[in-house]
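These notes are about the structure you will find just below.
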Amino acid sequence: MRVIYEKELRSYFTGLTGYLFIAFLLFFTGVYSIVLNFSSFYPNFEYVITNLSFVFMVLVPVLTMRSFAEERAQHSDQLLYSLPLKMPQIVFGKYFAMVTVFLVPIAVMCVYPLILRLYGEVDLLTAYSSIFAFFLLGCALMAIGLFISSLTDNQIVAAVITFLVLLFCYMVTSIVDYVSPASLFSFTAFTVVFLLLAGAIYFVSKNVWLAVVVFAVCEIPLAYLYLFHMITLAGAFQNFLGYLAIFSRTSGFINGVFDLTAVVYFLSIAGLFLFFTVSALEKRRWN
Amino acid sequence: MIEVRDLVKQYGDHIAVDHLSFQVEKGCIYGFLGPNGAGKSTTMNIITGCLAATDGQVLIDGFDAFERPMEAKKRIGYLPEQPPVYPDMTPLEYLRFVAKAKNIRKEDVEAQVASAMERTGITHMKNRLIRHLSKGYRQRVGFAQAILGDPAVIILDEPTVGLDPMQIIEIRDLIQSLGKEHTVILSSHILSEVSAVCDQVMIINKGKLVAIDTPERLGEHFLTKATIRLLLKGDETAARAALGALPEGVELTFSPSEEAGTVSVYLEMPHSLDVREQVFHACAGAGVPILSMESKVATLEDVFLQLTAEAEGAAEAAPPAPDQTPEPEPPALQEDKPDEKEAQQ
């Protein structure tokens, strides 16, 4: 794993990508800090963090798009497969290299609360736990980006899809409140989601029966619930969308609560998508 | 060294590799020969662990490539069709990376990298970005990567494609020098290359092994007839009279030639029979001057065309019997192949 990690880290800094990522993140941190802390005199660095999370939508794709897409495009993935390396070692090596790049601006951010403290009372615990949450959020999003990059051999496609997925996750926070909690709506909405899922499965596997079976397995319990336990579906789609709202999970930290469920949530998202990445690459060896 | 048993690779309905079995012995150079889409690259990708097989077994030095991939991969160096290099690295950085990934001991890395660069002749390019190297040099960097760590088996997928003639000769020399210490498997569709470099040839078609033997013996086995083409001065009756006394088994075909006052004769005989001297004496005795005599021995190309064409015909007509002995056919005469013909005048 270490050898992949070193190679990736080096390539982030021999090219522009690493510098771009760090520079932009620090630039926006500086801008928001000037606006909120130094012009508006808020002593709360966590406000900067709240406002900053949208930059991930652009910066995460920049960092993740090339990781596997480029390997495939230049055929160097065959080298990785033929070397005595295990697939998880390759994936984790690449992932930790990204996380390391991300740690650079995070380290710089950690200086801000100390600077603010020179001029007044600062709640350091809240500030640092917000930075920690920001870091975890970034890690979770990078795992998603890494997974998307493993699906295509075109960096641009990987970047655009990652951007759209993150945009959706970002928007969902504000959509959630306007979604009807009615059971009928939940039923319809879930049916649409399952249809899309079945469609995606058909698209990937070209197997009609697999798609039909998956759809049936999802839809039958749903129909059962709708017909006999209608009440359980009330608000269910709303809750489901709530799970997708990754960005809003930092709100607890920003309000001064060290939210352990959010930590578990971020780590699970990261773990899940790293697992998906390994599976996607393993699957590629099968066809 | 390598044992492939009943290997199957299926893509949907398409069978790329169809119950392929063969064994590769230590210290030989093997040539993998087959038309496009025969399953050469697929087989190589499976042996090296880049692809998973649908069914079957690959043993490398006794280690199952699917069950103990780490042990198996340590024993293989692989150069895929496209050299798997990183354009943003220099050859030196790249080879150091591969050396570490191959678990070469830290203190040996520099020496191994230096020797690999020396053997492939890229030492003077070691600090340039691979992006700026020519195709030939990239191929060599890929080569250096494959031989790092002294793997027992080196697998090369079309190693000379895209190189200029000088580079092809150099790469061939390199492959031959590698063959002294390693087992080498290379795939190619250039037949003269395979017959020049390889000790053993495997001909594969539609995912099946059609033949495995030395290049010379393949020729003897599959083409049982030899041919001679003569250009004689005079007319057909004179030529017939002159060649009438040739031994049993020589078939003669006469045809008018383009040159006025000459006749061209096509002789077909069993492979074991060499009648060139007799032809000379017969013609000299009869006073019919020989203007040219070309004897054609079977080339790998003929064997290849014959075997693959046969498999094609068999596949269309009936389910093919894998081990059928091919019916020999007269090889077609080819123009302008000086290295494979003996010309006498």
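Labels for the structure tokens follow display order: chains A, B, ..., residues from 1 in each chain, ligands from 1.
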
Return as a VMD selection string the residues belonging to chain A that are within 10 Å of chain B, counting only C-alpha atoms. chain A and resid 1 to 4 6 to 7 10 to 11 14 to 15 70 to 72 74 to 86 205 to 206 282 to 287

Taking C-alpha atoms for each residue, export the selection above as a PDB file, in the first residue's frame.
ATOM      1  CA  MET A   1       0.000   0.000   0.000  1.00  0.00           C
ATOM      2  CA  ARG A   2       2.812   2.332   0.913  1.00  0.00           C
ATOM      3  CA  VAL A   3       4.356   2.273  -2.536  1.00  0.00           C
ATOM      4  CA  ILE A   4       1.052   3.273  -4.195  1.00  0.00           C
ATOM      5  CA  GLU A   6       3.985   7.453  -2.203  1.00  0.00           C
ATOM      6  CA  LYS A   7       3.551   7.342  -5.956  1.00  0.00           C
ATOM      7  CA  ARG A  10       4.210  12.465  -5.552  1.00  0.00           C
ATOM      8  CA  SER A  11       2.031  12.726  -8.641  1.00  0.00           C
ATOM      9  CA  THR A  14       4.535  16.956  -9.566  1.00  0.00           C
ATOM     10  CA  GLY A  15       1.414  18.054 -11.395  1.00  0.00           C
ATOM     11  CA  GLU A  70      -6.364   8.092 -15.842  1.00  0.00           C
ATOM     12  CA  GLU A  71      -4.836   4.700 -15.040  1.00  0.00           C
ATOM     13  CA  ARG A  72      -7.343   3.106 -17.354  1.00  0.00           C
ATOM     14  CA  GLN A  74      -3.113   5.219 -20.185  1.00  0.00           C
ATOM     15  CA  HIS A  75      -3.333   1.436 -19.613  1.00  0.00           C
ATOM     16  CA  SER A  76      -1.193   1.568 -16.510  1.00  0.00           C
ATOM     17  CA  ASP A  77      -3.930  -0.242 -14.613  1.00  0.00           C
ATOM     18  CA  GLN A  78      -2.615  -3.433 -16.198  1.00  0.00           C
ATOM     19  CA  LEU A  79       0.673  -2.819 -14.444  1.00  0.00           C
ATOM     20  CA  LEU A  80      -1.041  -2.429 -11.085  1.00  0.00           C
ATOM     21  CA  TYR A  81      -3.012  -5.623 -11.628  1.00  0.00           C
ATOM     22  CA  SER A  82       0.031  -7.625 -12.625  1.00  0.00           C
ATOM     23  CA  LEU A  83       2.168  -6.430  -9.718  1.00  0.00           C
ATOM     24  CA  PRO A  84       1.978  -8.401  -6.486  1.00  0.00           C
ATOM     25  CA  LEU A  85      -0.466  -5.928  -4.938  1.00  0.00           C
ATOM     26  CA  LYS A  86      -3.901  -6.608  -3.567  1.00  0.00           C
ATOM     27  CA  SER A 205     -25.163  -6.092 -16.461  1.00  0.00           C
ATOM     28  CA  LYS A 206     -27.352  -6.256 -19.617  1.00  0.00           C
ATOM     29  CA  GLU A 282     -12.530  -6.523  -9.133  1.00  0.00           C
ATOM     30  CA  LYS A 283     -15.578  -6.712 -11.353  1.00  0.00           C
ATOM     31  CA  ARG A 284     -13.646  -5.127 -14.185  1.00  0.00           C
ATOM     32  CA  ARG A 285     -11.239  -8.052 -14.053  1.00  0.00           C
ATOM     33  CA  TRP A 286     -14.203 -10.310 -14.734  1.00  0.00           C
ATOM     34  CA  ASN A 287     -15.264  -8.654 -17.957  1.00  0.00           C
TER      35      ASN A 287
END

Show which residues sit within 12 Å of A:Pro88, as a PyMOL selection string. Count only C-alpha atoms, and ignore same-chain residues fewer than 4 positions away. chain A and resi 1-2+4+80-81+92-96+271+274-282

Keeping only C-alpha atoms, write the selected residues as a short mmCIF file (atom, residue, chain, number, x, y, z; two decimals), in the first residue's frame.
data_model
loop_
_atom_site.label_atom_id
_atom_site.label_comp_id
_atom_site.auth_asym_id
_atom_site.auth_seq_id
_atom_site.Cartn_x
_atom_site.Cartn_y
_atom_site.Cartn_z
CA MET A 1 0.00 0.00 0.00
CA ARG A 2 2.81 2.33 0.91
CA ILE A 4 1.05 3.27 -4.19
CA LEU A 80 -1.04 -2.43 -11.08
CA TYR A 81 -3.01 -5.62 -11.63
CA PHE A 92 -6.42 2.55 0.06
CA GLY A 93 -3.02 3.77 -1.14
CA LYS A 94 -4.71 6.15 -3.54
CA TYR A 95 -7.33 7.19 -1.03
CA PHE A 96 -4.86 7.98 1.73
CA GLY A 271 -15.87 2.81 4.06
CA LEU A 274 -14.05 2.39 -0.75
CA PHE A 275 -15.58 -1.07 -0.64
CA PHE A 276 -17.61 -0.24 -3.77
CA THR A 277 -14.41 0.92 -5.47
CA VAL A 278 -12.62 -2.33 -4.70
CA SER A 279 -15.64 -4.30 -5.95
CA ALA A 280 -15.92 -2.21 -9.12
CA LEU A 281 -12.24 -2.83 -9.92
CA GLU A 282 -12.53 -6.52 -9.13
#

As a PyMOL selection string, list the residues of stretch 174-316 of chain B assigned to alpha helix (DSSP H) by DSSP on the backbone atoms of this structure. chain B and resi 174-178+191-197+215-222+236-243+276-286+300-316

Next, write the just-selected residues to a file, as a PDB file, in the first residue's frame, keeping C-alpha atoms as the atom set.
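Below is the file that was written, again12.pdb:
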ATOM      1  CA  LEU B 174      17.134  -8.513 -25.978  1.00  0.00           C
ATOM      2  CA  ILE B 175      14.434 -11.187 -25.980  1.00  0.00           C
ATOM      3  CA  GLN B 176      16.966 -13.798 -27.028  1.00  0.00           C
ATOM      4  CA  SER B 177      19.330 -12.770 -24.259  1.00  0.00           C
ATOM      5  CA  LEU B 178      16.450 -12.945 -21.790  1.00  0.00           C
ATOM      6  CA  LEU B 191       5.572 -14.867 -38.287  1.00  0.00           C
ATOM      7  CA  SER B 192       9.167 -14.294 -39.290  1.00  0.00           C
ATOM      8  CA  GLU B 193       9.743 -12.837 -35.850  1.00  0.00           C
ATOM      9  CA  VAL B 194       8.349 -15.863 -34.092  1.00  0.00           C
ATOM     10  CA  SER B 195      10.331 -18.280 -36.218  1.00  0.00           C
ATOM     11  CA  ALA B 196      13.501 -16.246 -35.695  1.00  0.00           C
ATOM     12  CA  VAL B 197      13.257 -15.842 -31.948  1.00  0.00           C
ATOM     13  CA  PRO B 215       9.067 -23.811 -35.856  1.00  0.00           C
ATOM     14  CA  GLU B 216      10.997 -26.324 -38.023  1.00  0.00           C
ATOM     15  CA  ARG B 217       8.988 -29.340 -36.983  1.00  0.00           C
ATOM     16  CA  LEU B 218       5.739 -27.522 -37.490  1.00  0.00           C
ATOM     17  CA  GLY B 219       6.814 -27.050 -41.097  1.00  0.00           C
ATOM     18  CA  GLU B 220       7.714 -30.721 -41.522  1.00  0.00           C
ATOM     19  CA  HIS B 221       4.603 -32.000 -39.840  1.00  0.00           C
ATOM     20  CA  PHE B 222       1.992 -29.981 -41.481  1.00  0.00           C
ATOM     21  CA  GLU B 236       6.542 -28.024 -73.345  1.00  0.00           C
ATOM     22  CA  THR B 237       7.326 -31.211 -75.281  1.00  0.00           C
ATOM     23  CA  ALA B 238      11.084 -30.723 -74.805  1.00  0.00           C
ATOM     24  CA  ALA B 239      10.576 -30.065 -71.117  1.00  0.00           C
ATOM     25  CA  ARG B 240       8.346 -33.111 -70.738  1.00  0.00           C
ATOM     26  CA  ALA B 241      10.955 -35.282 -72.366  1.00  0.00           C
ATOM     27  CA  ALA B 242      13.723 -33.922 -70.191  1.00  0.00           C
ATOM     28  CA  LEU B 243      11.869 -34.347 -66.909  1.00  0.00           C
ATOM     29  CA  ARG B 276      16.935 -30.637 -57.326  1.00  0.00           C
ATOM     30  CA  GLU B 277      20.154 -32.335 -58.412  1.00  0.00           C
ATOM     31  CA  GLN B 278      18.284 -34.865 -60.518  1.00  0.00           C
ATOM     32  CA  VAL B 279      16.392 -32.082 -62.199  1.00  0.00           C
ATOM     33  CA  PHE B 280      19.660 -30.363 -63.019  1.00  0.00           C
ATOM     34  CA  HIS B 281      21.225 -33.498 -64.506  1.00  0.00           C
ATOM     35  CA  ALA B 282      18.068 -34.435 -66.400  1.00  0.00           C
ATOM     36  CA  CYS B 283      17.776 -31.028 -67.987  1.00  0.00           C
ATOM     37  CA  ALA B 284      21.474 -30.769 -68.719  1.00  0.00           C
ATOM     38  CA  GLY B 285      21.459 -34.228 -70.277  1.00  0.00           C
ATOM     39  CA  ALA B 286      18.488 -33.364 -72.482  1.00  0.00           C
ATOM     40  CA  LEU B 300       5.562 -20.996 -40.604  1.00  0.00           C
ATOM     41  CA  GLU B 301       3.285 -18.708 -42.530  1.00  0.00           C
ATOM     42  CA  ASP B 302       1.932 -21.573 -44.586  1.00  0.00           C
ATOM     43  CA  VAL B 303       1.410 -23.694 -41.525  1.00  0.00           C
ATOM     44  CA  PHE B 304      -0.303 -20.830 -39.814  1.00  0.00           C
ATOM     45  CA  LEU B 305      -2.594 -20.019 -42.713  1.00  0.00           C
ATOM     46  CA  GLN B 306      -3.378 -23.672 -43.240  1.00  0.00           C
ATOM     47  CA  LEU B 307      -4.155 -24.351 -39.587  1.00  0.00           C
ATOM     48  CA  THR B 308      -6.259 -21.285 -39.033  1.00  0.00           C
ATOM     49  CA  ALA B 309      -8.082 -21.679 -42.340  1.00  0.00           C
ATOM     50  CA  GLU B 310      -8.794 -25.289 -41.486  1.00  0.00           C
ATOM     51  CA  ALA B 311     -10.229 -24.404 -38.124  1.00  0.00           C
ATOM     52  CA  GLU B 312     -12.394 -21.863 -39.859  1.00  0.00           C
ATOM     53  CA  GLY B 313     -13.681 -24.339 -42.425  1.00  0.00           C
ATOM     54  CA  ALA B 314     -14.231 -26.993 -39.788  1.00  0.00           C
ATOM     55  CA  ALA B 315     -16.118 -24.574 -37.606  1.00  0.00           C
ATOM     56  CA  GLU B 316     -18.438 -23.737 -40.436  1.00  0.00           C
TER      57      GLU B 316
END

Which residues in stretch 143-274 of chain B does DSSP call strand (DSSP E or B)? List them as a ChimeraX atom specification. /B:153-157,183-188,200-205,208-213,225-233,251-256,262-270

Can you tell me, as a PyMOL selection string, what residues are no more than 8 Å from A:Phe258 when counting only C-alpha atoms, ignoring any on the same chain fewer than 4 positions away? chain A and resi 129+252-253

Now that the selection is made, can you save its residues with C-alpha atoms as a short mmCIF file (atom, residue, chain, number, x, y, z; two decimals), in the first residue's frame?
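Saved result, out-v5.cif, follows:
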data_model
loop_
_atom_site.label_atom_id
_atom_site.label_comp_id
_atom_site.auth_asym_id
_atom_site.auth_seq_id
_atom_site.Cartn_x
_atom_site.Cartn_y
_atom_site.Cartn_z
CA SER A 129 -14.49 20.01 16.24
CA GLY A 252 -24.21 19.42 14.98
CA PHE A 253 -20.50 20.21 15.27
#

Skipping near chain neighbours, those fewer than 2 positions away, what residues fall within 9 Å of stretch 35-52 of chain A using only C-alpha atoms, listed as a VMD selection string? chain A and resid 25 28 to 33 54 to 56 112 to 113 116 to 117 119 to 124 126 to 131 134 250 to 251 253 to 255

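Each of A:Ala182, A:Ile22, A:Val172, A:Leu244 was compared to A:Leu103 using only C-alpha atoms, and A:Ile22 turns out to be the nearest.
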
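With only C-alpha atoms as the atoms that count, the minimum distance from A:Phe240 to the choices A:Ala211, A:Ile220, A:Val176, A:Leu16 is reached by A:Val176.
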
Find the distance between atom CA of B:Ala211 and atom CA of B:Phe22 and write it in Å to one decimal.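 Straight-line distance from atom CA of B:Ala211 to atom CA of B:Phe22 works out to 10.2 Å.
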
Selection: 10 Å around A:Ile156, only C-alpha atoms, excl. self and same-chain fewer than 6 positions, as a PyMOL selection string: chain A and resi 61-62+65-66+69+149+162

Output of the above residues as a JSON list (two decimals), in the first residue's frame, restricted to C-alpha atoms:
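New file result36.json:
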[["chain", "number", "residue", "atom", "x", "y", "z"],
["A", 61, "PRO", "CA", -13.89, 16.15, -8.41],
["A", 62, "VAL", "CA", -10.61, 17.94, -9.18],
["A", 65, "MET", "CA", -11.24, 12.46, -11.18],
["A", 66, "ARG", "CA", -7.88, 11.20, -12.34],
["A", 69, "ALA", "CA", -9.86, 7.01, -14.81],
["A", 149, "SER", "CA", -13.47, 7.59, -11.02],
["A", 162, "THR", "CA", -18.91, 13.46, -9.25]]

Counting only C-alpha atoms, which of B:Arg138, B:Arg128, B:Ile169, B:Gly149 gets nearest to B:Asp108?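 Counting only C-alpha atoms, the residue closest to B:Asp108 is B:Gly149.
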
Residue contacts of A:Phe266 (8 Å, only C-alpha atoms) excluding same-chain residues fewer than 3 positions away, as a VMD selection string: chain A and resid 136 to 137 139 to 140 246 262 to 263 269 to 270

Near B:Gln200, counting only C-alpha atoms, which residues have an atom at most 8 Å away, once you skip same-chain residues fewer than 4 positions from it, shown as a ChimeraX atom specification? /B:28-31,212-215

Have a look at A:Phe187, A:Phe21, A:Phe147, A:Phe13 and name the one nearest to A:Phe68; count only C-alpha atoms. A:Phe147

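With distances restricted to only C-alpha atoms, A:Tyr170 is the closest residue to A:Gly242 from A:Tyr170, A:Phe135, A:Tyr202, A:Phe273.
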